[in-house]
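Shown below: input.pdb, with PDB, C-alpha atoms, pLDDT in the B column.
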```pdb
ATOM      1  CA  MET I   1    -203.538 -64.718 192.070  1.00 88.00           C
ATOM      2  CA  SER I   2    -201.133 -65.038 189.145  1.00 92.00           C
ATOM      3  CA  PHE I   3    -198.539 -63.027 191.084  1.00 93.00           C
ATOM      4  CA  ILE I   4    -198.564 -65.634 193.857  1.00 94.00           C
ATOM      5  CA  LEU I   5    -198.148 -68.467 191.328  1.00 95.00           C
ATOM      6  CA  TYR I   6    -195.231 -66.694 189.637  1.00 96.00           C
ATOM      7  CA  ALA I   7    -193.636 -65.990 193.013  1.00 96.00           C
ATOM      8  CA  LEU I   8    -193.941 -69.682 194.008  1.00 96.00           C
ATOM      9  CA  LEU I   9    -192.583 -70.795 190.639  1.00 97.00           C
ATOM     10  CA  PHE I  10    -189.651 -68.411 190.961  1.00 97.00           C
ATOM     11  CA  PHE I  11    -188.999 -69.603 194.537  1.00 97.00           C
ATOM     12  CA  PHE I  12    -188.944 -73.283 193.538  1.00 97.00           C
ATOM     13  CA  LEU I  13    -186.748 -72.632 190.503  1.00 97.00           C
ATOM     14  CA  TYR I  14    -184.346 -70.590 192.587  1.00 96.00           C
ATOM     15  CA  ASN I  15    -184.119 -73.331 195.244  1.00 96.00           C
ATOM     16  CA  LEU I  16    -183.591 -75.965 192.546  1.00 95.00           C
ATOM     17  CA  ILE I  17    -180.771 -74.001 190.978  1.00 95.00           C
ATOM     18  CA  VAL I  18    -179.087 -73.062 194.267  1.00 94.00           C
ATOM     19  CA  LYS I  19    -179.437 -76.409 196.036  1.00 95.00           C
ATOM     20  CA  VAL I  20    -179.034 -78.853 193.120  1.00 95.00           C
ATOM     21  CA  VAL I  21    -177.574 -77.391 189.942  1.00 95.00           C
ATOM     22  CA  LEU I  22    -174.794 -75.236 191.425  1.00 96.00           C
ATOM     23  CA  PRO I  23    -173.408 -77.932 193.768  1.00 95.00           C
ATOM     24  CA  VAL I  24    -173.399 -80.478 190.950  1.00 96.00           C
ATOM     25  CA  TYR I  25    -171.612 -78.023 188.646  1.00 96.00           C
ATOM     26  CA  ARG I  26    -169.002 -77.156 191.275  1.00 96.00           C
ATOM     27  CA  THR I  27    -168.409 -80.805 192.133  1.00 97.00           C
ATOM     28  CA  THR I  28    -167.933 -81.869 188.518  1.00 97.00           C
ATOM     29  CA  ARG I  29    -165.550 -78.974 187.904  1.00 97.00           C
ATOM     30  CA  GLN I  30    -163.526 -79.890 191.006  1.00 97.00           C
ATOM     31  CA  ILE I  31    -163.388 -83.580 190.018  1.00 97.00           C
ATOM     32  CA  LYS I  32    -162.188 -82.712 186.498  1.00 97.00           C
ATOM     33  CA  LYS I  33    -159.493 -80.496 187.985  1.00 96.00           C
ATOM     34  CA  GLN I  34    -158.314 -83.262 190.325  1.00 96.00           C
ATOM     35  CA  PHE I  35    -158.241 -85.810 187.499  1.00 95.00           C
ATOM     36  CA  SER I  36    -156.150 -83.512 185.350  1.00 95.00           C
ATOM     37  CA  GLN I  37    -153.728 -82.955 188.250  1.00 94.00           C
ATOM     38  CA  MET I  38    -153.435 -86.709 188.817  1.00 93.00           C
ATOM     39  CA  LYS I  39    -152.831 -87.255 185.110  1.00 92.00           C
ATOM     40  CA  GLN I  40    -150.036 -84.676 185.136  1.00 91.00           C
ATOM     41  CA  GLN I  41    -148.471 -86.263 188.215  1.00 90.00           C
ATOM     42  CA  PHE I  42    -148.445 -89.675 186.559  1.00 87.00           C
ATOM     43  CA  GLN I  43    -147.085 -88.333 183.293  1.00 87.00           C
ATOM     44  CA  GLN I  44    -144.200 -86.377 184.816  1.00 85.00           C
ATOM     45  CA  PRO I  45    -142.277 -89.367 186.268  1.00 77.00           C
ATOM     46  CA  GLU I  46    -143.094 -91.434 183.188  1.00 74.00           C
ATOM     47  CA  ALA I  47    -141.651 -88.787 180.882  1.00 71.00           C
ATOM     48  CA  ALA I  48    -138.563 -88.441 183.073  1.00 71.00           C
ATOM     49  CA  THR I  49    -137.905 -92.190 183.010  1.00 72.00           C
ATOM     50  CA  GLN I  50    -138.345 -92.269 179.243  1.00 72.00           C
ATOM     51  CA  GLN I  51    -135.853 -89.449 178.820  1.00 72.00           C
ATOM     52  CA  ALA I  52    -133.406 -91.173 181.157  1.00 69.00           C
ATOM     53  CA  ALA I  53    -133.818 -94.457 179.291  1.00 67.00           C
ATOM     54  CA  THR I  54    -133.145 -92.866 175.915  1.00 67.00           C
ATOM     55  CA  ALA I  55    -130.155 -91.017 177.339  1.00 62.00           C
ATOM     56  CA  SER I  56    -128.694 -94.199 178.820  1.00 62.00           C
ATOM     57  CA  GLN I  57    -129.273 -96.204 175.648  1.00 64.00           C
ATOM     58  CA  THR I  58    -127.196 -93.922 173.471  1.00 59.00           C
ATOM     59  CA  PRO I  59    -123.796 -93.299 175.074  1.00 54.00           C
ATOM     60  CA  PRO I  60    -122.133 -90.056 174.117  1.00 56.00           C
ATOM     61  CA  PRO I  61    -119.502 -90.526 171.412  1.00 57.00           C
ATOM     62  CA  SER I  62    -116.802 -88.783 173.468  1.00 61.00           C
ATOM     63  CA  GLN I  63    -116.826 -91.545 176.083  1.00 61.00           C
ATOM     64  CA  LYS I  64    -114.865 -94.670 175.186  1.00 61.00           C
ATOM     65  CA  LYS I  65    -115.354 -97.980 176.879  1.00 61.00           C
ATOM     66  CA  PRO I  66    -112.390 -98.890 179.040  1.00 59.00           C
ATOM     67  CA  SER I  67    -110.157-101.572 177.608  1.00 61.00           C
ATOM     68  CA  LYS I  68    -109.910-104.763 179.618  1.00 58.00           C
ATOM     69  CA  LEU I  69    -106.462-105.479 178.226  1.00 68.00           C
ATOM     70  CA  GLY I  70    -104.015-105.909 181.060  1.00 69.00           C
ATOM     71  CA  GLU I  71    -106.667-106.122 183.754  1.00 72.00           C
ATOM     72  CA  TYR I  72    -105.652-108.422 186.617  1.00 73.00           C
ATOM     73  CA  ILE I  73    -107.921-111.409 187.176  1.00 73.00           C
ATOM     74  CA  ASP I  74    -107.563-113.217 190.459  1.00 77.00           C
ATOM     75  CA  PHE I  75    -107.791-117.007 190.239  1.00 76.00           C
ATOM     76  CA  GLU I  76    -107.145-120.050 192.344  1.00 78.00           C
ATOM     77  CA  GLU I  77    -105.141-123.000 191.219  1.00 79.00           C
ATOM     78  CA  VAL I  78    -107.178-126.199 191.029  1.00 80.00           C
ATOM     79  CA  LYS I  79    -105.355-129.473 191.941  1.00 77.00           C
TER      80      LYS I  79
END
```

This entry written out as structure tokens:
Amino acid sequence: MSFILYALLFFFLYNLIVKVVLPVYRTTRQIKKQFSQMKQQFQQPEAATQQAATASQTPPPSQKKPSKLGEYIDFEEVK
């Protein structure tokens, strides 16, 4: 009699683990993985724009701004 009870208990525990616990574990692991991938995708363009912004803010010392001395400015005569 006790063998039958243990067998039923084992059967129900096995079904609980296989049909409930394992799918929940796999789903949570997959969701965490997707969230981390999304986070990386959002951080990559953000980091690239920050690097570009810092690079554009500090011009290299070898480049000089062009002088506007002698530049032709077109104008119309007002009467």

Practice item. Go ahead and compute the interatomic distance for atom CA of Phe42 of chain I and atom CA of Tyr25 of chain I, in Å to one decimal. Key: 26.0 Å

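Picture a line from atom CA of Val24 of chain I to atom CA of Leu8 of chain I; it runs 23.4 Å.
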
Exercise for review: For atom CA of Thr27 of chain I and atom CA of Gln41 of chain I, determine how far apart the two atoms are, in Å to one decimal place.
Suggested key: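 Between atom CA of Thr27 of chain I and atom CA of Gln41 of chain I the gap is 21.0 Å.
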
Please write out, as AutoDock Vina command-line options, where the centre of an axis-aligned box around all listed atoms of segment 27-44 of chain I lies and how long its edges are, in Å to one decimal, after adding 8 Å on each side.
```
--center_x -156.3 --center_y -84.3 --center_z 187.7 --size_x 40.2 --size_y 26.7 --size_z 24.8
```
